[in-house]
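S.K.: The structure file structure11.pdb (PDB, C-alpha atoms, pLDDT in the B column) is provided below.
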```pdb
ATOM      1  CA  MET A 444     -18.227  -2.097   9.932  1.00 52.00           C
ATOM      2  CA  ARG A 445     -17.695  -0.562   6.510  1.00 71.00           C
ATOM      3  CA  THR A 446     -20.093  -1.458   3.703  1.00 80.00           C
ATOM      4  CA  PRO A 447     -18.358  -3.704   1.143  1.00 90.00           C
ATOM      5  CA  ILE A 448     -17.199  -2.300  -2.161  1.00 93.00           C
ATOM      6  CA  THR A 449     -18.487  -3.826  -5.363  1.00 95.00           C
ATOM      7  CA  LEU A 450     -17.257  -3.328  -8.902  1.00 97.00           C
ATOM      8  CA  ARG A 451     -19.654  -3.049 -11.806  1.00 96.00           C
ATOM      9  CA  ALA A 452     -18.641  -3.149 -15.430  1.00 97.00           C
ATOM     10  CA  VAL A 453     -18.913   0.139 -17.288  1.00 97.00           C
ATOM     11  CA  THR A 454     -21.408  -0.177 -20.127  1.00 97.00           C
ATOM     12  CA  GLY A 455     -20.967   3.266 -21.671  1.00 96.00           C
ATOM     13  CA  THR A 456     -24.040   5.104 -20.403  1.00 97.00           C
ATOM     14  CA  TRP A 457     -23.910   8.888 -20.452  1.00 97.00           C
ATOM     15  CA  THR A 458     -24.036   8.924 -16.655  1.00 97.00           C
ATOM     16  CA  GLU A 459     -20.925   6.719 -16.526  1.00 97.00           C
ATOM     17  CA  ILE A 460     -19.186   8.732 -19.241  1.00 97.00           C
ATOM     18  CA  ASP A 461     -19.818  12.004 -17.388  1.00 97.00           C
ATOM     19  CA  LEU A 462     -18.666  10.559 -14.073  1.00 97.00           C
ATOM     20  CA  LEU A 463     -15.474   9.036 -15.491  1.00 97.00           C
ATOM     21  CA  PHE A 464     -14.753  12.267 -17.384  1.00 97.00           C
ATOM     22  CA  ALA A 465     -14.984  14.346 -14.200  1.00 97.00           C
ATOM     23  CA  TRP A 466     -12.722  11.925 -12.319  1.00 97.00           C
ATOM     24  CA  ARG A 467     -10.173  11.721 -15.168  1.00 96.00           C
ATOM     25  CA  ASN A 468      -9.849  15.488 -15.444  1.00 96.00           C
ATOM     26  CA  ASP A 469      -9.626  16.116 -11.702  1.00 95.00           C
ATOM     27  CA  PRO A 470      -6.349  18.022 -11.127  1.00 94.00           C
ATOM     28  CA  VAL A 471      -4.906  15.412  -8.724  1.00 93.00           C
ATOM     29  CA  THR A 472      -5.808  12.571 -11.093  1.00 93.00           C
ATOM     30  CA  CYS A 473      -4.194  14.444 -13.998  1.00 93.00           C
ATOM     31  CA  ALA A 474      -1.039  15.102 -11.982  1.00 91.00           C
ATOM     32  CA  MET A 475      -0.661  11.414 -11.099  1.00 92.00           C
ATOM     33  CA  SER A 476      -1.555  10.052 -14.560  1.00 91.00           C
ATOM     34  CA  ARG A 477       0.978   8.824 -17.075  1.00 86.00           C
ATOM     35  CA  VAL A 478      -0.565  11.367 -19.455  1.00 87.00           C
ATOM     36  CA  PRO A 479      -1.118  14.403 -17.215  1.00 89.00           C
ATOM     37  CA  ASP A 480      -3.001  16.595 -19.681  1.00 93.00           C
ATOM     38  CA  PRO A 481      -6.775  16.946 -19.291  1.00 95.00           C
ATOM     39  CA  VAL A 482      -8.800  14.970 -21.816  1.00 96.00           C
ATOM     40  CA  ALA A 483     -11.300  16.596 -24.210  1.00 97.00           C
ATOM     41  CA  PHE A 484     -14.851  15.307 -23.831  1.00 98.00           C
ATOM     42  CA  PRO A 485     -15.208  13.974 -27.416  1.00 97.00           C
ATOM     43  CA  ASP A 486     -11.941  12.048 -27.020  1.00 97.00           C
ATOM     44  CA  HIS A 487     -13.148  10.669 -23.703  1.00 97.00           C
ATOM     45  CA  VAL A 488     -16.432   9.463 -25.238  1.00 97.00           C
ATOM     46  CA  CYS A 489     -14.509   7.621 -27.963  1.00 97.00           C
ATOM     47  CA  TRP A 490     -12.116   6.149 -25.377  1.00 97.00           C
ATOM     48  CA  VAL A 491     -14.966   4.764 -23.250  1.00 97.00           C
ATOM     49  CA  ALA A 492     -16.605   3.249 -26.347  1.00 97.00           C
ATOM     50  CA  ASP A 493     -13.298   1.623 -27.339  1.00 97.00           C
ATOM     51  CA  VAL A 494     -12.678   0.210 -23.858  1.00 96.00           C
ATOM     52  CA  VAL A 495     -16.217  -1.147 -23.463  1.00 96.00           C
ATOM     53  CA  SER A 496     -16.034  -2.946 -26.816  1.00 97.00           C
ATOM     54  CA  ASP A 497     -12.561  -4.464 -26.301  1.00 97.00           C
ATOM     55  CA  PRO A 498     -12.543  -7.959 -24.735  1.00 95.00           C
ATOM     56  CA  ASP A 499      -8.944  -7.414 -23.604  1.00 96.00           C
ATOM     57  CA  ARG A 500      -9.922  -4.452 -21.444  1.00 96.00           C
ATOM     58  CA  GLN A 501     -12.061  -4.290 -18.323  1.00 96.00           C
ATOM     59  CA  LEU A 502     -13.353  -1.030 -16.872  1.00 97.00           C
ATOM     60  CA  TRP A 503     -15.227  -1.006 -13.597  1.00 98.00           C
ATOM     61  CA  ILE A 504     -16.792   1.595 -11.345  1.00 98.00           C
ATOM     62  CA  GLY A 505     -16.499   0.852  -7.649  1.00 97.00           C
ATOM     63  CA  ASP A 506     -19.573   1.402  -5.519  1.00 96.00           C
ATOM     64  CA  GLN A 507     -19.967   1.500  -1.772  1.00 94.00           C
ATOM     65  CA  ALA A 508     -23.524   1.579  -0.403  1.00 92.00           C
ATOM     66  CA  GLY A 509     -24.735   2.644  -3.855  1.00 91.00           C
ATOM     67  CA  GLU A 510     -22.285   5.557  -4.138  1.00 94.00           C
ATOM     68  CA  PRO A 511     -19.648   5.556  -6.901  1.00 97.00           C
ATOM     69  CA  ILE A 512     -16.255   5.897  -5.202  1.00 96.00           C
ATOM     70  CA  GLY A 513     -13.695   5.172  -7.908  1.00 97.00           C
ATOM     71  CA  THR A 514     -12.687   3.219 -10.941  1.00 97.00           C
ATOM     72  CA  VAL A 515     -10.370   0.363 -11.846  1.00 97.00           C
ATOM     73  CA  ARG A 516      -9.193  -0.602 -15.323  1.00 97.00           C
ATOM     74  CA  ALA A 517      -7.406  -3.766 -16.426  1.00 96.00           C
ATOM     75  CA  ASP A 518      -5.769  -4.042 -19.853  1.00 96.00           C
ATOM     76  CA  ARG A 519      -4.516  -7.403 -21.080  1.00 95.00           C
ATOM     77  CA  GLN A 520      -0.900  -7.219 -22.220  1.00 90.00           C
ATOM     78  CA  GLY A 521      -0.194 -10.727 -23.460  1.00 89.00           C
ATOM     79  CA  ALA A 522       0.384 -13.002 -20.462  1.00 89.00           C
ATOM     80  CA  TYR A 523      -0.374 -10.338 -17.857  1.00 92.00           C
ATOM     81  CA  TRP A 524      -2.835  -7.541 -17.053  1.00 95.00           C
ATOM     82  CA  GLU A 525      -1.984  -3.907 -16.411  1.00 96.00           C
ATOM     83  CA  LEU A 526      -4.083  -2.441 -13.621  1.00 97.00           C
ATOM     84  CA  SER A 527      -4.814   1.225 -12.998  1.00 96.00           C
ATOM     85  CA  TRP A 528      -7.161   2.861 -10.527  1.00 97.00           C
ATOM     86  CA  THR A 529      -8.557   6.185  -9.405  1.00 95.00           C
ATOM     87  CA  VAL A 530     -10.346   7.034  -6.194  1.00 96.00           C
ATOM     88  CA  ALA A 531     -13.025   9.692  -6.735  1.00 96.00           C
ATOM     89  CA  PRO A 532     -11.952  13.092  -5.359  1.00 95.00           C
ATOM     90  CA  ASP A 533     -14.639  13.186  -2.665  1.00 94.00           C
ATOM     91  CA  TRP A 534     -13.606   9.748  -1.373  1.00 94.00           C
ATOM     92  CA  ARG A 535      -9.826  10.105  -1.155  1.00 93.00           C
ATOM     93  CA  GLY A 536      -8.005   9.576   2.099  1.00 90.00           C
ATOM     94  CA  LEU A 537     -10.467   7.012   3.465  1.00 90.00           C
ATOM     95  CA  GLY A 538      -8.559   3.844   2.542  1.00 88.00           C
ATOM     96  CA  LEU A 539     -10.978   2.954  -0.257  1.00 92.00           C
ATOM     97  CA  GLY A 540      -8.272   2.584  -2.905  1.00 93.00           C
ATOM     98  CA  HIS A 541      -7.005  -0.519  -1.114  1.00 93.00           C
ATOM     99  CA  ALA A 542     -10.474  -2.068  -1.245  1.00 93.00           C
ATOM    100  CA  LEU A 543     -11.025  -1.109  -4.911  1.00 95.00           C
ATOM    101  CA  VAL A 544      -7.811  -2.819  -5.979  1.00 96.00           C
ATOM    102  CA  ARG A 545      -8.403  -5.833  -3.738  1.00 95.00           C
ATOM    103  CA  VAL A 546     -11.874  -6.430  -5.232  1.00 95.00           C
ATOM    104  CA  ALA A 547     -10.491  -6.093  -8.772  1.00 96.00           C
ATOM    105  CA  LEU A 548      -7.714  -8.585  -8.039  1.00 95.00           C
ATOM    106  CA  ASP A 549     -10.258 -10.987  -6.540  1.00 94.00           C
ATOM    107  CA  MET A 550     -12.060 -10.845  -9.897  1.00 93.00           C
ATOM    108  CA  MET A 551      -8.798 -11.802 -11.642  1.00 90.00           C
ATOM    109  CA  PRO A 552      -7.587 -14.843  -9.662  1.00 85.00           C
ATOM    110  CA  ASN A 553      -4.238 -16.353 -10.572  1.00 85.00           C
ATOM    111  CA  GLN A 554      -3.428 -13.562 -13.023  1.00 89.00           C
ATOM    112  CA  ALA A 555      -0.053 -11.852 -13.284  1.00 92.00           C
ATOM    113  CA  VAL A 556      -0.649  -8.117 -12.902  1.00 96.00           C
ATOM    114  CA  ILE A 557       1.479  -5.007 -13.269  1.00 95.00           C
ATOM    115  CA  ALA A 558       0.919  -1.347 -12.479  1.00 96.00           C
ATOM    116  CA  HIS A 559       2.845   1.722 -13.573  1.00 95.00           C
ATOM    117  CA  ILE A 560       2.875   4.331 -10.814  1.00 95.00           C
ATOM    118  CA  LYS A 561       4.537   7.742 -10.709  1.00 94.00           C
ATOM    119  CA  SER A 562       7.334   7.888  -8.160  1.00 92.00           C
ATOM    120  CA  GLU A 563       5.647  10.770  -6.318  1.00 92.00           C
ATOM    121  CA  ASN A 564       2.286   8.971  -6.122  1.00 94.00           C
ATOM    122  CA  THR A 565       2.779   7.605  -2.625  1.00 93.00           C
ATOM    123  CA  ALA A 566      -0.928   6.827  -2.165  1.00 94.00           C
ATOM    124  CA  SER A 567      -0.972   4.435  -5.135  1.00 95.00           C
ATOM    125  CA  GLN A 568       2.363   2.962  -4.075  1.00 95.00           C
ATOM    126  CA  ARG A 569       0.890   2.134  -0.642  1.00 95.00           C
ATOM    127  CA  ILE A 570      -2.180   0.613  -2.316  1.00 95.00           C
ATOM    128  CA  ALA A 571      -0.013  -1.513  -4.611  1.00 96.00           C
ATOM    129  CA  ALA A 572       2.206  -2.712  -1.764  1.00 95.00           C
ATOM    130  CA  ALA A 573      -0.806  -3.611   0.400  1.00 94.00           C
ATOM    131  CA  ALA A 574      -2.257  -5.606  -2.519  1.00 94.00           C
ATOM    132  CA  GLY A 575       0.885  -7.707  -2.843  1.00 93.00           C
ATOM    133  CA  PHE A 576       2.636  -5.833  -5.646  1.00 95.00           C
ATOM    134  CA  ARG A 577       6.362  -5.222  -5.434  1.00 95.00           C
ATOM    135  CA  ARG A 578       8.314  -2.472  -7.128  1.00 94.00           C
ATOM    136  CA  VAL A 579      10.506  -4.055  -9.790  1.00 92.00           C
ATOM    137  CA  GLY A 580      11.713  -1.097 -11.812  1.00 89.00           C
ATOM    138  CA  HIS A 581      12.044   2.629 -12.269  1.00 83.00           C
ATOM    139  CA  ALA A 582      12.084   4.440 -15.604  1.00 79.00           C
ATOM    140  CA  ASP A 583      13.719   7.764 -16.427  1.00 78.00           C
ATOM    141  CA  ASP A 584      10.273   9.315 -16.889  1.00 81.00           C
ATOM    142  CA  GLY A 585       9.532   8.899 -13.166  1.00 87.00           C
ATOM    143  CA  ILE A 586       7.228   5.913 -13.573  1.00 92.00           C
ATOM    144  CA  ASP A 587       7.811   2.924 -11.307  1.00 93.00           C
ATOM    145  CA  ARG A 588       6.859  -0.559 -12.446  1.00 93.00           C
ATOM    146  CA  TRP A 589       5.099  -2.732  -9.880  1.00 95.00           C
ATOM    147  CA  GLN A 590       4.195  -6.379 -10.369  1.00 95.00           C
ATOM    148  CA  ARG A 591       2.155  -9.039  -8.646  1.00 92.00           C
ATOM    149  CA  GLY A 592       2.328 -12.707  -9.595  1.00 79.00           C
ATOM    150  CA  GLY A 593       4.753 -14.467 -11.903  1.00 68.00           C
ATOM    151  CA  ILE A 594       5.619 -12.731 -15.144  1.00 59.00           C
ATOM    152  CA  ARG A 595       8.150 -14.589 -17.263  1.00 53.00           C
ATOM    153  CA  ASP A 596       8.493 -12.105 -20.085  1.00 45.00           C
ATOM    154  CA  ASP A 597       9.454  -8.480 -19.506  1.00 46.00           C
ATOM    155  CA  PRO A 598       6.737  -6.249 -20.983  1.00 44.00           C
ATOM    156  CA  GLY A 599       8.764  -3.118 -20.365  1.00 45.00           C
TER     157      GLY A 599
END
```
Can the structure in the file be given as structure tokens, please?
M.R.:
Amino acid sequence: MRTPITLRAVTGTWTEIDLLFAWRNDPVTCAMSRVPDPVAFPDHVCWVADVVSDPDRQLWIGDQAGEPIGTVRADRQGAYWELSWTVAPDWRGLGLGHALVRVALDMMPNQAVIAHIKSENTASQRIAAAAGFRRVGHADDGIDRWQRGGIRDDPG
């Protein structure tokens, strides 16, 4: 039996900042991100500080048996949340992305949630589908819109 995954809120420690920076600038993560360019460290430090201080944003690190395995972020967009996730490079291909997203969604019961996923990011598409998202749109920039739960307004 696999050890359960837990999510802990990022508080902005240097250890967390360094870890998230390495994951964000991993070549596969960059290629699958909406903004594919690597991030400069000073910009990353400011970004983490902004996210941690914003009540409409949640940033978690997923742990399994005390090992950090990935991250999930939720940004409130009015009546819904936008979810994004990254599995740490050393932990990819083990099915942990499904568990990361599932735990995050369990922490957000009864919330309408969307995700924007690149068309070629089949791993994240499988994760979204397994978590109950459905693809509801495709943009010219190659980003698919996935949604879970009822969303009355169209946030784009």
S.K.: Pick out the closest residue to A:Gly521 from this set: A:Leu539, A:Val453, A:Val556, A:Ile504. Count all atoms listed in the file.
M.R.: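 Distance minimum relative to A:Gly521 lands on A:Val556.
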S.K.: Run the PyMOL selection byres ((chain A and resi 459) around 12) on the file and write out the hits as a ChimeraX atom specification.
M.R.: /A:451-458,460-467,487-488,491-492,495,502-505,511,513-514
S.K.: If you keep C-alpha atoms, can you produce a file of those selected residues as a CSV table (one decimal), keeping the file's coordinate frame?
M.R.:
```csv
chain,number,residue,atom,x,y,z
A,451,ARG,CA,-19.7,-3.0,-11.8
A,452,ALA,CA,-18.6,-3.1,-15.4
A,453,VAL,CA,-18.9,0.1,-17.3
A,454,THR,CA,-21.4,-0.2,-20.1
A,455,GLY,CA,-21.0,3.3,-21.7
A,456,THR,CA,-24.0,5.1,-20.4
A,457,TRP,CA,-23.9,8.9,-20.5
A,458,THR,CA,-24.0,8.9,-16.7
A,460,ILE,CA,-19.2,8.7,-19.2
A,461,ASP,CA,-19.8,12.0,-17.4
A,462,LEU,CA,-18.7,10.6,-14.1
A,463,LEU,CA,-15.5,9.0,-15.5
A,464,PHE,CA,-14.8,12.3,-17.4
A,465,ALA,CA,-15.0,14.3,-14.2
A,466,TRP,CA,-12.7,11.9,-12.3
A,467,ARG,CA,-10.2,11.7,-15.2
A,487,HIS,CA,-13.1,10.7,-23.7
A,488,VAL,CA,-16.4,9.5,-25.2
A,491,VAL,CA,-15.0,4.8,-23.2
A,492,ALA,CA,-16.6,3.2,-26.3
A,495,VAL,CA,-16.2,-1.1,-23.5
A,502,LEU,CA,-13.4,-1.0,-16.9
A,503,TRP,CA,-15.2,-1.0,-13.6
A,504,ILE,CA,-16.8,1.6,-11.3
A,505,GLY,CA,-16.5,0.9,-7.6
A,511,PRO,CA,-19.6,5.6,-6.9
A,513,GLY,CA,-13.7,5.2,-7.9
A,514,THR,CA,-12.7,3.2,-10.9
```
S.K.: Suppose you want the space between atom CA of A:His559 and atom CA of A:Asp587; what is it in Å?
M.R.: 5.6 Å
S.K.: List every protein, DNA or RNA residue that has an atom no more than 12 Å from (-16.3, -12.2, -11.0) in the file's coordinate frame, counting only C-alpha atoms, and report them as a list of chain:residue names.
M.R.: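 Here is the list of nearby residues: A:Thr449, A:Leu450, A:Arg451, A:Ala452, A:Gln501, A:Trp503, A:Val546, A:Ala547, A:Leu548, A:Asp549, A:Met550, A:Met551, A:Pro552.
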S.K.: Counting all atoms listed in the file, figure out which residue out of A:Pro447, A:Arg500, A:Pro485, A:Val494 gets nearest to A:Leu543.
M.R.: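 Closest candidate: A:Pro447.
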S.K.: In terms of the shortest atom-to-atom distance over all atoms listed in the file, which of A:Ala517, A:Met475, A:Ala508, A:Cys489 is closest to A:Ala566?
M.R.: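 The answer is A:Met475, which sits nearest to A:Ala566.
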S.K.: Provide the atom CA of A:Asp533 to atom CA of A:Ile512 distance in Å, to one decimal place.
M.R.: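 Separation of atom CA of A:Asp533 and atom CA of A:Ile512: 7.9 Å.
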S.K.: Run the PyMOL selection byres ((chain A and resi 557) around 9) on the file and write out the hits as a ChimeraX atom specification.
M.R.: /A:523-527,555-556,558-559,576,588-592,594
S.K.: Could you take the residues named above and write them with C-alpha atoms, as a PDB file, in the frame of the given file?
M.R.:
```pdb
ATOM      1  CA  TYR A 523      -0.374 -10.338 -17.857  1.00 92.00           C
ATOM      2  CA  TRP A 524      -2.835  -7.541 -17.053  1.00 95.00           C
ATOM      3  CA  GLU A 525      -1.984  -3.907 -16.411  1.00 96.00           C
ATOM      4  CA  LEU A 526      -4.083  -2.441 -13.621  1.00 97.00           C
ATOM      5  CA  SER A 527      -4.814   1.225 -12.998  1.00 96.00           C
ATOM      6  CA  ALA A 555      -0.053 -11.852 -13.284  1.00 92.00           C
ATOM      7  CA  VAL A 556      -0.649  -8.117 -12.902  1.00 96.00           C
ATOM      8  CA  ALA A 558       0.919  -1.347 -12.479  1.00 96.00           C
ATOM      9  CA  HIS A 559       2.845   1.722 -13.573  1.00 95.00           C
ATOM     10  CA  PHE A 576       2.636  -5.833  -5.646  1.00 95.00           C
ATOM     11  CA  ARG A 588       6.859  -0.559 -12.446  1.00 93.00           C
ATOM     12  CA  TRP A 589       5.099  -2.732  -9.880  1.00 95.00           C
ATOM     13  CA  GLN A 590       4.195  -6.379 -10.369  1.00 95.00           C
ATOM     14  CA  ARG A 591       2.155  -9.039  -8.646  1.00 92.00           C
ATOM     15  CA  GLY A 592       2.328 -12.707  -9.595  1.00 79.00           C
ATOM     16  CA  ILE A 594       5.619 -12.731 -15.144  1.00 59.00           C
TER      17      ILE A 594
END
```
S.K.: Between atom CA of A:Gly509 and atom CA of A:Arg545, what is the distance, to one decimal in Å?
M.R.: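 Interatomic distance, atom CA of A:Gly509 to atom CA of A:Arg545: 18.4 Å.
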S.K.: So which one's closest to A:Glu563, A:Asn468, A:Gln507, A:Ser476, A:Gln520? Using only C-alpha atoms, please.
M.R.: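 Checking each candidate against A:Glu563, we get A:Ser476 as the closest.
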S.K.: Considering all atoms listed in the file, state which residue in the set A:Thr446, A:Ser562, A:Gln568, A:Asn553 is at the smallest distance from A:Asp583.
M.R.: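 Nearest candidate to A:Asp583 out of A:Thr446, A:Ser562, A:Gln568, A:Asn553: A:Ser562.
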S.K.: Have a look at A:Trp528, A:Thr472, A:Trp534, A:His541 and name the one nearest to A:Glu510; count all atoms listed in the file.
M.R.: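 Using all atoms listed in the file, A:Glu510 sits closest to A:Trp534.
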S.K.: List every protein, DNA or RNA residue that has at least one atom no more than 7 Å from (-6.4, 15.0, -16.2) in the file's coordinates, counting only C-alpha atoms, and write the result as a PyMOL selection string.
M.R.: chain A and resi 467-470+472-474+479-482
S.K.: Can you fill out stretch 541-573 of chain A with N, CA and C atoms and hand it back as a PDB file, in the frame of the given file?
M.R.:
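Result file selection-v3.pdb:
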```
ATOM      1  N   HIS A 541      -7.425   0.853  -1.445  1.00 93.00           N
ATOM      2  CA  HIS A 541      -7.005  -0.519  -1.114  1.00 93.00           C
ATOM      3  C   HIS A 541      -8.124  -1.500  -1.444  1.00 93.00           C
ATOM      4  N   ALA A 542      -9.335  -1.173  -1.020  1.00 93.00           N
ATOM      5  CA  ALA A 542     -10.474  -2.068  -1.245  1.00 93.00           C
ATOM      6  C   ALA A 542     -10.811  -2.174  -2.729  1.00 93.00           C
ATOM      7  N   LEU A 543     -10.759  -1.068  -3.465  1.00 95.00           N
ATOM      8  CA  LEU A 543     -11.025  -1.109  -4.911  1.00 95.00           C
ATOM      9  C   LEU A 543     -10.089  -2.092  -5.606  1.00 95.00           C
ATOM     10  N   VAL A 544      -8.810  -1.963  -5.329  1.00 96.00           N
ATOM     11  CA  VAL A 544      -7.811  -2.819  -5.979  1.00 96.00           C
ATOM     12  C   VAL A 544      -7.977  -4.266  -5.524  1.00 96.00           C
ATOM     13  N   ARG A 545      -8.230  -4.476  -4.261  1.00 95.00           N
ATOM     14  CA  ARG A 545      -8.403  -5.833  -3.738  1.00 95.00           C
ATOM     15  C   ARG A 545      -9.586  -6.528  -4.427  1.00 95.00           C
ATOM     16  N   VAL A 546     -10.702  -5.835  -4.577  1.00 95.00           N
ATOM     17  CA  VAL A 546     -11.874  -6.430  -5.232  1.00 95.00           C
ATOM     18  C   VAL A 546     -11.553  -6.746  -6.693  1.00 95.00           C
ATOM     19  N   ALA A 547     -10.866  -5.839  -7.374  1.00 96.00           N
ATOM     20  CA  ALA A 547     -10.491  -6.093  -8.772  1.00 96.00           C
ATOM     21  C   ALA A 547      -9.601  -7.326  -8.878  1.00 96.00           C
ATOM     22  N   LEU A 548      -8.616  -7.431  -8.003  1.00 95.00           N
ATOM     23  CA  LEU A 548      -7.714  -8.585  -8.039  1.00 95.00           C
ATOM     24  C   LEU A 548      -8.461  -9.880  -7.715  1.00 95.00           C
ATOM     25  N   ASP A 549      -9.448  -9.803  -6.834  1.00 94.00           N
ATOM     26  CA  ASP A 549     -10.258 -10.987  -6.540  1.00 94.00           C
ATOM     27  C   ASP A 549     -11.045 -11.448  -7.766  1.00 94.00           C
ATOM     28  N   MET A 550     -11.343 -10.504  -8.667  1.00 93.00           N
ATOM     29  CA  MET A 550     -12.060 -10.845  -9.897  1.00 93.00           C
ATOM     30  C   MET A 550     -11.116 -11.392 -10.970  1.00 93.00           C
ATOM     31  N   MET A 551      -9.818 -11.370 -10.689  1.00 90.00           N
ATOM     32  CA  MET A 551      -8.798 -11.802 -11.642  1.00 90.00           C
ATOM     33  C   MET A 551      -7.887 -12.825 -10.974  1.00 90.00           C
ATOM     34  N   PRO A 552      -8.434 -13.909 -10.417  1.00 85.00           N
ATOM     35  CA  PRO A 552      -7.587 -14.843  -9.662  1.00 85.00           C
ATOM     36  C   PRO A 552      -6.506 -15.465 -10.541  1.00 85.00           C
ATOM     37  N   ASN A 553      -5.362 -15.672  -9.927  1.00 85.00           N
ATOM     38  CA  ASN A 553      -4.238 -16.353 -10.572  1.00 85.00           C
ATOM     39  C   ASN A 553      -3.698 -15.633 -11.803  1.00 85.00           C
ATOM     40  N   GLN A 554      -3.929 -14.337 -11.898  1.00 89.00           N
ATOM     41  CA  GLN A 554      -3.428 -13.562 -13.023  1.00 89.00           C
ATOM     42  C   GLN A 554      -2.174 -12.792 -12.606  1.00 89.00           C
ATOM     43  N   ALA A 555      -1.202 -12.716 -13.485  1.00 92.00           N
ATOM     44  CA  ALA A 555      -0.053 -11.852 -13.284  1.00 92.00           C
ATOM     45  C   ALA A 555      -0.496 -10.427 -13.629  1.00 92.00           C
ATOM     46  N   VAL A 556      -0.158  -9.491 -12.759  1.00 96.00           N
ATOM     47  CA  VAL A 556      -0.649  -8.117 -12.902  1.00 96.00           C
ATOM     48  C   VAL A 556       0.502  -7.151 -12.676  1.00 96.00           C
ATOM     49  N   ILE A 557       0.515  -6.078 -13.471  1.00 95.00           N
ATOM     50  CA  ILE A 557       1.479  -5.007 -13.269  1.00 95.00           C
ATOM     51  C   ILE A 557       0.726  -3.697 -13.086  1.00 95.00           C
ATOM     52  N   ALA A 558       1.433  -2.715 -12.568  1.00 96.00           N
ATOM     53  CA  ALA A 558       0.919  -1.347 -12.479  1.00 96.00           C
ATOM     54  C   ALA A 558       2.101  -0.412 -12.708  1.00 96.00           C
ATOM     55  N   HIS A 559       1.836   0.683 -13.391  1.00 95.00           N
ATOM     56  CA  HIS A 559       2.845   1.722 -13.573  1.00 95.00           C
ATOM     57  C   HIS A 559       2.404   2.915 -12.736  1.00 95.00           C
ATOM     58  N   ILE A 560       3.248   3.310 -11.786  1.00 95.00           N
ATOM     59  CA  ILE A 560       2.875   4.331 -10.814  1.00 95.00           C
ATOM     60  C   ILE A 560       3.967   5.391 -10.762  1.00 95.00           C
ATOM     61  N   LYS A 561       3.566   6.660 -10.827  1.00 94.00           N
ATOM     62  CA  LYS A 561       4.537   7.742 -10.709  1.00 94.00           C
ATOM     63  C   LYS A 561       5.240   7.661  -9.366  1.00 94.00           C
ATOM     64  N   SER A 562       6.522   7.968  -9.373  1.00 92.00           N
ATOM     65  CA  SER A 562       7.334   7.888  -8.160  1.00 92.00           C
ATOM     66  C   SER A 562       6.774   8.743  -7.031  1.00 92.00           C
ATOM     67  N   GLU A 563       6.170   9.880  -7.360  1.00 92.00           N
ATOM     68  CA  GLU A 563       5.647  10.770  -6.318  1.00 92.00           C
ATOM     69  C   GLU A 563       4.233  10.395  -5.867  1.00 92.00           C
ATOM     70  N   ASN A 564       3.642   9.379  -6.486  1.00 94.00           N
ATOM     71  CA  ASN A 564       2.286   8.971  -6.122  1.00 94.00           C
ATOM     72  C   ASN A 564       2.335   7.964  -4.965  1.00 94.00           C
ATOM     73  N   THR A 565       2.605   8.480  -3.783  1.00 93.00           N
ATOM     74  CA  THR A 565       2.779   7.605  -2.625  1.00 93.00           C
ATOM     75  C   THR A 565       1.485   6.886  -2.248  1.00 93.00           C
ATOM     76  N   ALA A 566       0.346   7.496  -2.488  1.00 94.00           N
ATOM     77  CA  ALA A 566      -0.928   6.827  -2.165  1.00 94.00           C
ATOM     78  C   ALA A 566      -1.079   5.552  -2.987  1.00 94.00           C
ATOM     79  N   SER A 567      -0.846   5.629  -4.292  1.00 95.00           N
ATOM     80  CA  SER A 567      -0.972   4.435  -5.135  1.00 95.00           C
ATOM     81  C   SER A 567       0.128   3.425  -4.845  1.00 95.00           C
ATOM     82  N   GLN A 568       1.305   3.895  -4.458  1.00 95.00           N
ATOM     83  CA  GLN A 568       2.363   2.962  -4.075  1.00 95.00           C
ATOM     84  C   GLN A 568       1.960   2.169  -2.832  1.00 95.00           C
ATOM     85  N   ARG A 569       1.357   2.838  -1.844  1.00 95.00           N
ATOM     86  CA  ARG A 569       0.890   2.134  -0.642  1.00 95.00           C
ATOM     87  C   ARG A 569      -0.205   1.129  -0.994  1.00 95.00           C
ATOM     88  N   ILE A 570      -1.112   1.514  -1.884  1.00 95.00           N
ATOM     89  CA  ILE A 570      -2.180   0.613  -2.316  1.00 95.00           C
ATOM     90  C   ILE A 570      -1.587  -0.618  -2.984  1.00 95.00           C
ATOM     91  N   ALA A 571      -0.645  -0.397  -3.897  1.00 96.00           N
ATOM     92  CA  ALA A 571      -0.013  -1.513  -4.611  1.00 96.00           C
ATOM     93  C   ALA A 571       0.704  -2.443  -3.638  1.00 96.00           C
ATOM     94  N   ALA A 572       1.469  -1.886  -2.722  1.00 95.00           N
ATOM     95  CA  ALA A 572       2.206  -2.712  -1.764  1.00 95.00           C
ATOM     96  C   ALA A 572       1.243  -3.519  -0.891  1.00 95.00           C
ATOM     97  N   ALA A 573       0.165  -2.905  -0.442  1.00 94.00           N
ATOM     98  CA  ALA A 573      -0.806  -3.611   0.400  1.00 94.00           C
ATOM     99  C   ALA A 573      -1.504  -4.729  -0.363  1.00 94.00           C
TER     100      ALA A 573
END
```
